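K.L.:
Hey, dropping query_4.pdb in here, PDB, C-alpha atoms:
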```pdb
MODEL        1
ATOM      1  CA  MET K 359       0.000   0.000   0.000
ATOM      2  CA  SER K 360       1.002   3.655  -0.278
ATOM      3  CA  VAL K 361       2.993   5.223   2.544
ATOM      4  CA  HIS K 362       0.327   7.926   2.536
ATOM      5  CA  PRO K 363      -2.839   5.796   2.485
ATOM      6  CA  THR K 364      -6.152   7.468   1.786
ATOM      7  CA  PHE K 365      -8.002   5.216   4.255
ATOM      8  CA  SER K 366     -11.109   5.200   2.096
ATOM      9  CA  PHE K 367     -12.684   2.270   3.920
ATOM     10  CA  ASP K 368     -16.132   1.075   2.936
ATOM     11  CA  ASP K 369     -17.372   1.073   6.531
ATOM     12  CA  GLU K 370     -16.266   1.419  10.139
ATOM     13  CA  ILE K 371     -15.791  -2.324  10.507
ATOM     14  CA  GLN K 372     -13.023  -2.251   7.882
ATOM     15  CA  ARG K 373     -11.419   0.718   9.615
ATOM     16  CA  THR K 374     -11.577  -1.021  13.004
ATOM     17  CA  VAL K 375     -10.042  -4.235  11.662
ATOM     18  CA  TYR K 376      -7.270  -2.402   9.815
ATOM     19  CA  GLU K 377      -6.399  -0.251  12.827
ATOM     20  CA  TYR K 378      -6.190  -3.304  15.083
ATOM     21  CA  VAL K 379      -3.772  -5.069  12.724
ATOM     22  CA  GLU K 380      -1.767  -1.882  12.170
ATOM     23  CA  ARG K 381      -1.317  -1.384  15.935
ATOM     24  CA  ASN K 382      -0.396  -4.989  16.667
ATOM     25  CA  GLY K 383       1.785  -5.906  13.709
ATOM     26  CA  ALA K 384       0.899  -9.563  13.035
ATOM     27  CA  VAL K 385      -2.531 -10.918  13.939
ATOM     28  CA  THR K 386      -4.299 -14.218  13.288
ATOM     29  CA  PRO K 387      -7.903 -14.208  12.064
ATOM     30  CA  GLY K 388      -8.836 -15.978  15.285
ATOM     31  CA  GLU K 389      -7.421 -13.138  17.379
ATOM     32  CA  LEU K 390      -9.364 -10.653  15.297
ATOM     33  CA  ALA K 391     -12.561 -12.644  15.756
ATOM     34  CA  ARG K 392     -12.083 -12.543  19.526
ATOM     35  CA  SER K 393     -10.982  -8.907  19.726
ATOM     36  CA  ILE K 394     -13.128  -6.962  17.259
ATOM     37  CA  ARG K 395     -16.513  -6.022  18.647
ATOM     38  CA  ILE K 396     -19.297  -4.131  16.891
ATOM     39  CA  ASP K 397     -22.321  -2.215  18.120
ATOM     40  CA  SER K 398     -25.310  -4.537  18.511
ATOM     41  CA  GLY K 399     -27.813  -1.754  19.147
ATOM     42  CA  PRO K 400     -29.806  -0.798  22.251
ATOM     43  CA  THR K 401     -29.983  -3.306  25.054
ATOM     44  CA  GLN K 402     -33.067  -4.238  27.077
ATOM     45  CA  SER K 403     -31.457  -2.813  30.215
ATOM     46  CA  LYS K 404     -32.941   0.216  31.892
ATOM     47  CA  PRO K 405     -31.339   3.286  30.223
ATOM     48  CA  ALA K 406     -29.167   5.663  32.176
ATOM     49  CA  ARG K 407     -30.387   9.195  32.730
ATOM     50  CA  SER K 408     -27.840  10.506  30.273
ATOM     51  CA  GLY K 409     -28.878   8.185  27.461
ATOM     52  CA  SER K 410     -29.499   4.575  26.483
ATOM     53  CA  TYR K 411     -27.308   1.525  26.892
ATOM     54  CA  THR K 412     -25.900  -0.038  23.751
ATOM     55  CA  GLY K 413     -24.477  -3.526  23.526
ATOM     56  CA  SER K 414     -21.562  -4.965  21.559
ATOM     57  CA  GLU K 415     -20.896  -8.338  20.015
ATOM     58  CA  CYS K 416     -18.089 -10.161  18.242
ATOM     59  CA  LEU K 417     -17.944  -9.952  14.489
ATOM     60  CA  SER K 418     -19.257 -13.110  12.832
ATOM     61  CA  MET K 419     -16.699 -15.224  10.957
ATOM     62  CA  ASP K 420     -18.564 -14.629   7.677
ATOM     63  CA  ASP K 421     -18.511 -10.856   8.153
ATOM     64  CA  LEU K 422     -14.857 -10.977   9.224
ATOM     65  CA  GLU K 423     -13.878 -13.015   6.179
ATOM     66  CA  SER K 424     -15.716 -10.602   3.890
ATOM     67  CA  CYS K 425     -14.017  -7.633   5.569
ATOM     68  CA  LEU K 426     -10.541  -9.183   5.306
ATOM     69  CA  ASN K 427     -11.037 -10.069   1.637
ATOM     70  CA  ALA K 428     -11.929  -6.439   0.913
ATOM     71  CA  LEU K 429      -8.914  -5.092   2.842
ATOM     72  CA  LYS K 430      -6.587  -7.489   1.006
ATOM     73  CA  THR K 431      -8.074  -6.605  -2.381
ATOM     74  CA  GLU K 432      -7.630  -2.886  -1.695
ATOM     75  CA  GLY K 433      -3.998  -3.468  -0.676
ATOM     76  CA  TYR K 434      -4.340  -2.516   2.978
ATOM     77  CA  LEU K 435      -3.512  -5.922   4.442
ATOM     78  CA  THR K 436      -1.690  -9.063   3.402
ATOM     79  CA  GLU K 437      -1.725 -12.543   4.940
ATOM     80  CA  THR K 438       1.340 -14.763   5.207
ATOM     81  CA  ASN K 439       1.547 -18.021   7.103
ATOM     82  CA  GLY K 440      -1.759 -17.469   8.812
ATOM     83  CA  LYS K 441      -1.065 -13.933  10.072
ATOM     84  CA  LEU K 442      -2.451 -10.638   8.811
ATOM     85  CA  ARG K 443      -0.075  -7.704   8.417
ATOM     86  CA  VAL K 444      -0.006  -4.210   6.947
ATOM     87  CA  SER K 445       0.844  -4.580   3.280
ATOM     88  CA  LEU K 446       3.916  -2.910   1.800
ATOM     89  CA  SER K 447       4.282  -2.772  -1.972
ATOM     90  CA  ALA K 448       7.767  -4.248  -2.049
ATOM     91  CA  THR K 449       9.196  -7.342  -3.701
ATOM     92  CA  ALA K 450      11.959  -9.242  -1.929
ATOM     93  CA  THR K 451      15.263  -9.705  -3.701
ATOM     94  CA  GLU K 452      18.351 -11.782  -3.045
ATOM     95  CA  PHE K 453      21.955 -12.201  -4.130
ATOM     96  CA  ASP K 454      24.600 -14.837  -3.539
ATOM     97  CA  LEU K 455      27.796 -14.588  -1.532
ATOM     98  CA  GLU K 456      30.542 -17.186  -1.440
ATOM     99  CA  ASP K 457      29.221 -18.717   1.768
ATOM    100  CA  GLY K 458      25.480 -18.129   1.515
ATOM    101  CA  THR K 459      22.583 -16.031   0.249
ATOM    102  CA  VAL K 460      21.467 -12.553   1.294
ATOM    103  CA  SER K 461      17.748 -11.736   1.050
ATOM    104  CA  ILE K 462      16.358  -8.182   1.269
ATOM    105  CA  GLY K 463      12.701  -7.418   1.789
ATOM    106  CA  PRO K 464      10.084  -5.991   4.170
ATOM    107  CA  ALA K 465      10.665  -6.820   7.824
ATOM    108  CA  ARG K 466       8.209  -8.963   9.747
ATOM    109  CA  GLU K 467       7.386  -9.060  13.418
ATOM    110  CA  GLU K 468       9.434 -12.257  13.649
ATOM    111  CA  ASP K 469      12.508 -10.178  12.726
ATOM    112  CA  ARG K 470      12.099  -7.825  15.687
ATOM    113  CA  VAL K 471      14.742  -9.209  18.076
ATOM    114  CA  GLY K 472      17.411  -9.535  15.402
ATOM    115  CA  ILE K 473      16.778  -6.047  14.023
ATOM    116  CA  ILE K 474      16.859  -4.336  17.411
ATOM    117  CA  GLU K 475      20.022  -6.127  18.515
ATOM    118  CA  THR K 476      21.765  -5.265  15.246
ATOM    119  CA  MET K 477      20.690  -1.620  15.510
ATOM    120  CA  ARG K 478      22.068  -1.389  19.037
ATOM    121  CA  GLU K 479      25.406  -2.923  18.139
ATOM    122  CA  VAL K 480      25.843  -0.587  15.172
ATOM    123  CA  ALA K 481      24.697   2.408  17.242
ATOM    124  CA  GLY K 482      27.114   1.617  20.041
ATOM    125  CA  GLU K 483      30.042   1.093  17.719
ATOM    126  CA  GLU K 484      29.588   4.131  15.502
ATOM    127  CA  THR K 485      27.735   6.579  17.815
ATOM    128  CA  TYR K 486      24.718   6.247  15.521
ATOM    129  CA  ILE K 487      22.323   8.265  17.689
ATOM    130  CA  VAL K 488      19.261   8.065  15.434
ATOM    131  CA  ALA K 489      19.567   4.287  15.102
ATOM    132  CA  GLU K 490      19.799   3.979  18.878
ATOM    133  CA  ASN K 491      16.587   5.987  19.238
ATOM    134  CA  VAL K 492      14.855   3.849  16.599
ATOM    135  CA  ALA K 493      15.854   0.655  18.423
ATOM    136  CA  THR K 494      14.410   2.008  21.678
ATOM    137  CA  GLN K 495      11.169   2.992  19.950
ATOM    138  CA  LEU K 496      10.779  -0.400  18.275
ATOM    139  CA  ASP K 497      11.397  -2.162  21.558
ATOM    140  CA  ARG K 498       8.492  -0.268  23.133
ATOM    141  CA  GLU K 499       5.961  -0.588  20.330
ATOM    142  CA  SER K 500       4.004  -3.646  19.264
ATOM    143  CA  ALA K 501       4.350  -3.212  15.488
ATOM    144  CA  LEU K 502       7.385  -2.738  13.243
ATOM    145  CA  ILE K 503       5.495  -1.448  10.208
ATOM    146  CA  ARG K 504       3.180   1.517  10.760
ATOM    147  CA  ALA K 505       0.845   3.253   8.313
ATOM    148  CA  ASN K 506      -1.813   5.465   9.861
ATOM    149  CA  GLU K 507      -3.128   9.003   9.534
ATOM    150  CA  GLU K 508      -0.338  10.455  11.682
ATOM    151  CA  HIS K 509       2.741   8.380  10.979
ATOM    152  CA  SER K 510       4.303   6.011   8.446
ATOM    153  CA  ARG K 511       7.222   3.683   9.100
ATOM    154  CA  ALA K 512       8.685   1.035   6.821
ATOM    155  CA  ILE K 513      11.493  -1.306   7.823
ATOM    156  CA  PHE K 514      13.406  -3.565   5.469
ATOM    157  CA  VAL K 515      15.800  -6.275   6.532
ATOM    158  CA  ALA K 516      18.769  -8.046   4.985
ATOM    159  CA  THR K 517      19.058 -11.630   6.176
ATOM    160  CA  PHE K 518      21.820 -14.144   5.592
ATOM    161  CA  ASP K 519      21.203 -17.830   4.924
ATOM    162  CA  PRO K 520      24.470 -19.789   5.024
ATOM    163  CA  GLU K 521      25.257 -22.600   2.645
ATOM    164  CA  PRO K 522      24.297 -25.959   4.159
ATOM    165  CA  ALA K 523      27.144 -27.271   6.292
ATOM    166  CA  THR K 524      28.815 -30.524   5.290
ATOM    167  CA  ASP K 525      29.570 -33.305   7.731
ATOM    168  CA  ALA K 526      33.183 -32.201   7.745
ATOM    169  CA  ASP K 527      32.556 -28.653   8.916
ATOM    170  CA  ALA K 528      29.213 -28.931  10.756
ATOM    171  CA  ARG K 529      29.355 -27.430  14.206
ATOM    172  CA  THR K 530      27.819 -28.821  17.352
ATOM    173  CA  ASP K 531      25.374 -26.771  19.395
ATOM    174  CA  ALA K 532      28.118 -26.110  21.930
ATOM    175  CA  GLU K 533      30.279 -24.557  19.227
ATOM    176  CA  THR K 534      27.550 -22.224  17.995
ATOM    177  CA  ASP K 535      28.368 -18.520  18.281
ATOM    178  CA  ASP K 536      26.076 -17.133  20.984
ATOM    179  CA  ASP K 537      26.202 -13.701  19.342
ATOM    180  CA  GLU K 538      24.422 -14.737  16.121
ATOM    181  CA  ARG K 539      21.206 -12.782  15.636
ATOM    182  CA  THR K 540      18.801 -15.312  14.209
ATOM    183  CA  VAL K 541      15.128 -14.849  13.503
ATOM    184  CA  THR K 542      12.550 -17.384  12.483
ATOM    185  CA  ASN K 543      11.744 -17.135   8.787
ATOM    186  CA  GLU K 544       8.087 -18.091   8.419
ATOM    187  CA  ASP K 545       8.674 -19.025   4.790
ATOM    188  CA  SER K 546      11.293 -21.587   5.784
ATOM    189  CA  PRO K 547      11.682 -24.029   8.649
ATOM    190  CA  SER K 548      15.284 -22.906   9.149
ATOM    191  CA  ASN K 549      16.604 -19.868  10.964
ATOM    192  CA  ARG K 550      18.111 -16.855   9.254
ATOM    193  CA  THR K 551      20.556 -14.278  10.561
ATOM    194  CA  VAL K 552      19.883 -10.529  10.459
ATOM    195  CA  ALA K 553      22.743  -8.942   8.536
ATOM    196  CA  GLY K 554      21.400  -5.391   8.286
ATOM    197  CA  TRP K 555      18.363  -3.123   8.209
ATOM    198  CA  LEU K 556      16.957  -0.039   6.506
ATOM    199  CA  HIS K 557      14.351   2.145   8.213
ATOM    200  CA  VAL K 558      12.198   4.835   6.563
ATOM    201  CA  ASP K 559      10.254   7.073   8.937
ATOM    202  CA  ALA K 560       7.859   9.858   7.972
ATOM    203  CA  PRO K 561       5.161  12.021   9.551
ATOM    204  CA  GLU K 562       1.890  12.614   7.753
ATOM    205  CA  LEU K 563       2.083  16.429   7.975
ATOM    206  CA  PRO K 564       1.240  17.828   4.519
ATOM    207  CA  SER K 565       4.256  20.160   4.565
ATOM    208  CA  LEU K 566       6.654  17.243   5.192
ATOM    209  CA  ARG K 567       5.065  14.402   3.267
ATOM    210  CA  HIS K 568       7.629  14.591   0.481
ATOM    211  CA  THR K 569      10.446  13.818   2.953
ATOM    212  CA  ALA K 570      11.414  10.920   5.179
ATOM    213  CA  GLU K 571      14.214  10.109   7.591
ATOM    214  CA  LEU K 572      16.311   7.079   6.700
ATOM    215  CA  THR K 573      18.617   4.945   8.808
ATOM    216  CA  VAL K 574      20.627   2.007   7.513
ATOM    217  CA  GLY K 575      23.161  -0.274   9.122
ATOM    218  CA  VAL K 576      24.986  -3.574   8.668
ATOM    219  CA  ASP K 577      26.192  -5.998  11.330
ATOM    220  CA  PRO K 578      30.006  -5.672  11.596
ATOM    221  CA  LYS K 579      30.425  -9.360  10.696
ATOM    222  CA  PHE K 580      28.813  -8.781   7.293
ATOM    223  CA  ARG K 581      30.428  -5.540   6.176
ATOM    224  CA  ARG K 582      32.465  -5.008   3.007
ATOM    225  CA  ARG K 583      30.289  -7.543   1.172
ATOM    226  CA  GLY K 584      27.915  -5.208  -0.668
ATOM    227  CA  ILE K 585      25.020  -5.631   1.772
ATOM    228  CA  GLY K 586      24.880  -1.987   2.870
ATOM    229  CA  SER K 587      24.912  -0.665  -0.694
ATOM    230  CA  SER K 588      22.268  -3.194  -1.743
ATOM    231  CA  LEU K 589      20.043  -2.248   1.206
ATOM    232  CA  LEU K 590      20.389   1.443   0.421
ATOM    233  CA  GLU K 591      19.627   0.919  -3.274
ATOM    234  CA  TYR K 592      16.600  -1.205  -2.378
ATOM    235  CA  GLY K 593      15.303   1.394   0.062
ATOM    236  CA  LEU K 594      15.756   4.323  -2.303
ATOM    237  CA  GLU K 595      13.970   2.498  -5.101
ATOM    238  CA  TRP K 596      11.087   1.640  -2.783
ATOM    239  CA  ALA K 597      10.864   5.198  -1.408
ATOM    240  CA  ASP K 598      10.824   6.645  -4.924
ATOM    241  CA  GLY K 599       7.983   4.341  -5.941
ATOM    242  CA  ALA K 600       6.126   5.086  -2.701
ATOM    243  CA  GLY K 601       6.002   8.806  -3.416
ATOM    244  CA  TYR K 602       8.861  10.238  -1.358
ATOM    245  CA  GLN K 603      11.028  12.854  -3.008
ATOM    246  CA  LYS K 604      13.746  13.607  -0.484
ATOM    247  CA  LEU K 605      15.403  11.421   2.160
ATOM    248  CA  TYR K 606      17.574  12.783   4.944
ATOM    249  CA  GLN K 607      19.749  11.554   7.768
ATOM    250  CA  ASN K 608      21.565  13.319  10.603
ATOM    251  CA  LEU K 609      24.765  11.900  12.056
ATOM    252  CA  PRO K 610      27.385  12.886  14.619
ATOM    253  CA  THR K 611      30.495  14.055  12.793
ATOM    254  CA  THR K 612      32.411  11.377  14.696
ATOM    255  CA  ASN K 613      30.588   8.682  12.682
ATOM    256  CA  GLU K 614      33.027   8.990   9.812
ATOM    257  CA  ALA K 615      32.317   5.539   8.366
ATOM    258  CA  ALA K 616      28.592   6.222   7.893
ATOM    259  CA  ILE K 617      29.237   9.696   6.470
ATOM    260  CA  GLU K 618      31.756   8.304   4.000
ATOM    261  CA  PHE K 619      29.320   5.544   3.005
ATOM    262  CA  LEU K 620      26.453   7.947   2.312
ATOM    263  CA  GLU K 621      28.604  10.428   0.411
ATOM    264  CA  ALA K 622      29.997   7.604  -1.704
ATOM    265  CA  ASN K 623      26.398   6.815  -2.626
ATOM    266  CA  GLY K 624      25.593  10.364  -3.721
ATOM    267  CA  TRP K 625      24.251  11.965  -0.534
ATOM    268  CA  GLN K 626      24.994  15.667  -0.060
ATOM    269  CA  ARG K 627      25.888  17.665   3.043
ATOM    270  CA  GLU K 628      23.213  20.244   3.873
ATOM    271  CA  GLY K 629      24.422  21.794   7.110
ATOM    272  CA  VAL K 630      25.792  21.358  10.604
ATOM    273  CA  HIS K 631      24.234  21.658  14.058
ATOM    274  CA  GLU K 632      27.101  22.730  16.273
ATOM    275  CA  GLY K 633      27.459  20.917  19.595
ATOM    276  CA  GLN K 634      24.242  18.956  19.039
ATOM    277  CA  TYR K 635      25.449  15.906  20.978
ATOM    278  CA  CYS K 636      27.415  15.305  24.139
ATOM    279  CA  ILE K 637      29.354  12.066  23.675
ATOM    280  CA  ASP K 638      31.900  10.888  26.234
ATOM    281  CA  GLU K 639      31.590  14.288  27.926
ATOM    282  CA  GLU K 640      32.538  16.135  24.724
ATOM    283  CA  PHE K 641      30.291  18.244  22.490
ATOM    284  CA  VAL K 642      29.992  16.805  18.991
ATOM    285  CA  ASP K 643      28.545  18.478  15.897
ATOM    286  CA  GLU K 644      25.690  16.914  13.946
ATOM    287  CA  LEU K 645      26.023  16.672  10.162
ATOM    288  CA  MET K 646      22.840  16.855   8.058
ATOM    289  CA  LEU K 647      22.876  14.822   4.846
ATOM    290  CA  ALA K 648      20.179  14.292   2.240
ATOM    291  CA  THR K 649      19.479  12.947  -1.203
ATOM    292  CA  TRP K 650      16.795  13.855  -3.734
ATOM    293  CA  LEU K 651      15.411  10.764  -5.393
ATOM    294  CA  GLU K 652      15.772  10.208  -9.115
ATOM    295  CA  GLY K 653      13.709  12.685 -11.114
ATOM    296  CA  ASN K 654      12.877  14.642  -7.946
ATOM    297  CA  ASP K 655      15.656  17.161  -7.552
ATOM    298  CA  ARG K 656      15.004  20.403  -5.724
ATOM    299  CA  ALA K 657      14.537  22.525  -8.838
ATOM    300  CA  LEU K 658      11.984  20.108 -10.284
ATOM    301  CA  PHE K 659      10.136  19.936  -6.973
ATOM    302  CA  ALA K 660       9.947  23.756  -6.796
ATOM    303  CA  GLU K 661       8.611  23.857 -10.357
ATOM    304  CA  LYS K 662       5.905  21.309  -9.526
ATOM    305  CA  SER K 663       4.963  23.220  -6.409
ATOM    306  CA  GLN K 664       4.424  26.409  -8.442
ATOM    307  CA  LEU K 665       2.267  24.544 -10.970
ATOM    308  CA  ASN K 666       0.123  23.039  -8.206
ATOM    309  CA  ARG K 667      -0.729  26.419  -6.617
TER
ENDMDL
END
```
Go ahead and express the file in the form of structure tokens.
P.N.:
Amino acid sequence: MSVHPTFSFDDEIQRTVYEYVERNGAVTPGELARSIRIDSGPTQSKPARSGSYTGSECLSMDDLESCLNALKTEGYLTETNGKLRVSLSATATEFDLEDGTVSIGPAREEDRVGIIETMREVAGEETYIVAENVATQLDRESALIRANEEHSRAIFVATFDPEPATDADARTDAETDDDERTVTNEDSPSNRTVAGWLHVDAPELPSLRHTAELTVGVDPKFRRRGIGSSLLEYGLEWADGAGYQKLYQNLPTTNEAAIEFLEANGWQREGVHEGQYCIDEEFVDELMLATWLEGNDRALFAEKSQLNR
């Protein structure tokens, strides 16, 4: 679905169902059937002085099925492995490394632990303040993907599936690296390891809807293998198709590796906030970087804005 959905639901039942899934991230139809209640009209109880009592009842399975079919058809929700989720118009991609396969696509709730742990390691290593804040926010909320009338958030994940081990090099459970960040892949009975993430965050304010804040990071064990560049390319292509025109990111000037990475991929410096951070008891400047997506440079955007007045 669009990152700026119109929310043109046919009725309040569709809105209620969508909002429940959007808040909770991944929901089974059975949970919806137990949780969604609709107005059943006035009750036979004696009315209060201020008005009449109204009752509520669970949505019937037939009505729920009809509602879900409509929400799927309109592109609001998708269902994978028995769970309903907010739908993102994004196709997963993959590429091979010498020792396995990297897959990039929309994150799922099952990826949560691996994504947050990877964000925190990258944030701690490179003083990536925004990524640290994102990790804290995700840890507190019940849904990774958000798309409502106030806020949109899309998260994409790069996962690594190693080549099957042979008898000669298979490791025992005791030899397994405790630091591996594995998440259950619902499309496969095996586990996969989070190698990196890309996060696109945007408010729904009309004056800012053409922009979004982006964070991207790769687990140190998987760097220098093209994963970061592939994630960034994937995210920019998705953002362009989703209607964004400008992406930005703010970093402490001490995070030289991230700044070099973004500039190597065409991002431009836009300004500096002096002394924005206090890191290790020292004031550190914040560097503002941004990129205009293909066909959406600043001059073209200004021209479109004049034509739309």
K.L.:
Got a sec: who's within 12 Å of K:Ala384, counting only C-alpha atoms, leaving out chain neighbours fewer than 2 positions off, as a PyMOL selection string?
P.N.:
chain K and resi 376-382+386-390+435-445+465-470+500-504
K.L.:
Could you work out how far atom CA of K:Lys579 lies from atom CA of K:Ala489, giving the answer in Å with one decimal?
P.N.:
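So the answer is 18.0 Å.
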K.L.:
Please evaluate the PyMOL selection byres ((chain K and resi 646) around 9) against the structure above and give the resulting residues as a PyMOL selection string.
P.N.:
chain K and resi 606-610+626-631+644-645+647-648
K.L.:
Please enumerate the residues selected by the PyMOL selection byres ((chain K and resi 425) around 12) when evaluated against the supplied file, formatted as a PyMOL selection string.
P.N.:
chain K and resi 367-376+387+390-391+394+417-424+426-432+434-435
K.L.:
Compile the contact shell of stretch 506-510 of chain K as a list of chain:residue names: residues with an atom at most 6 Å away, counting all atoms listed in the file, same-chain residues fewer than 5 positions apart removed.
P.N.:
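So the residues in contact are K:Ala560, K:Pro561, K:Glu562.
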K.L.:
In the coordinate frame of the file, compute which residues have an atom within 7 Å of (17.7, -11.1, -0.2) when using only C-alpha atoms, and state them as a ChimeraX atom specification.
P.N.:
/K:450-453,459-463,516-517
K.L.:
For the residues in that selection, give me C-alpha atoms as a short mmCIF file (atom, residue, chain, number, x, y, z; two decimals), keeping the file's coordinate frame.
P.N.:
```
data_model
loop_
_atom_site.label_atom_id
_atom_site.label_comp_id
_atom_site.auth_asym_id
_atom_site.auth_seq_id
_atom_site.Cartn_x
_atom_site.Cartn_y
_atom_site.Cartn_z
CA ALA K 450 11.96 -9.24 -1.93
CA THR K 451 15.26 -9.70 -3.70
CA GLU K 452 18.35 -11.78 -3.04
CA PHE K 453 21.96 -12.20 -4.13
CA THR K 459 22.58 -16.03 0.25
CA VAL K 460 21.47 -12.55 1.29
CA SER K 461 17.75 -11.74 1.05
CA ILE K 462 16.36 -8.18 1.27
CA GLY K 463 12.70 -7.42 1.79
CA ALA K 516 18.77 -8.05 4.99
CA THR K 517 19.06 -11.63 6.18
#
```
K.L.:
Select, from K:Thr485, K:Thr494, K:Ser587, K:Ser565, the residue with the minimum atom-to-atom distance to K:Asn613, counting all atoms listed in the file.
P.N.:
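Ranking K:Thr485, K:Thr494, K:Ser587, K:Ser565 by distance to K:Asn613, first place goes to K:Thr485.
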K.L.:
Output, as AutoDock Vina command-line options, the centre and edge lengths in Å (one decimal) of the axis-aligned box that contains all listed atoms of stretch 552-560 of chain K with 8 Å of margin on each side.
P.N.:
```
--center_x 15.3 --center_y -0.3 --center_z 8.5 --size_x 30.9 --size_y 36.4 --size_z 20.0
```
K.L.:
Can you work out the spacing between atom CA of K:Glu483 and atom CA of K:Gly383 in Å, to one decimal?
P.N.:
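Atom-to-atom, atom CA of K:Glu483 and atom CA of K:Gly383 are spaced 29.4 Å apart.
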K.L.:
Translate the PyMOL selection byres ((chain K and resi 567-577) around 9) into a concrete residue list for this structure, as number ranges by chain.
P.N.:
K: 362, 476-477, 479-481, 488-489, 492, 516, 552-566, 578-581, 585-586, 589-590, 593, 597, 601-608, 616
K.L.:
So what do you get for atom CA of K:Ile513 versus atom CA of K:Ile487, distance-wise?
P.N.:
17.5 Å
K.L.:
Nearest to K:Gly458 among K:Ser588, K:Gln495, K:Thr611, K:Thr551, with distances taken over all atoms listed in the file: which residue is it?
P.N.:
K:Thr551
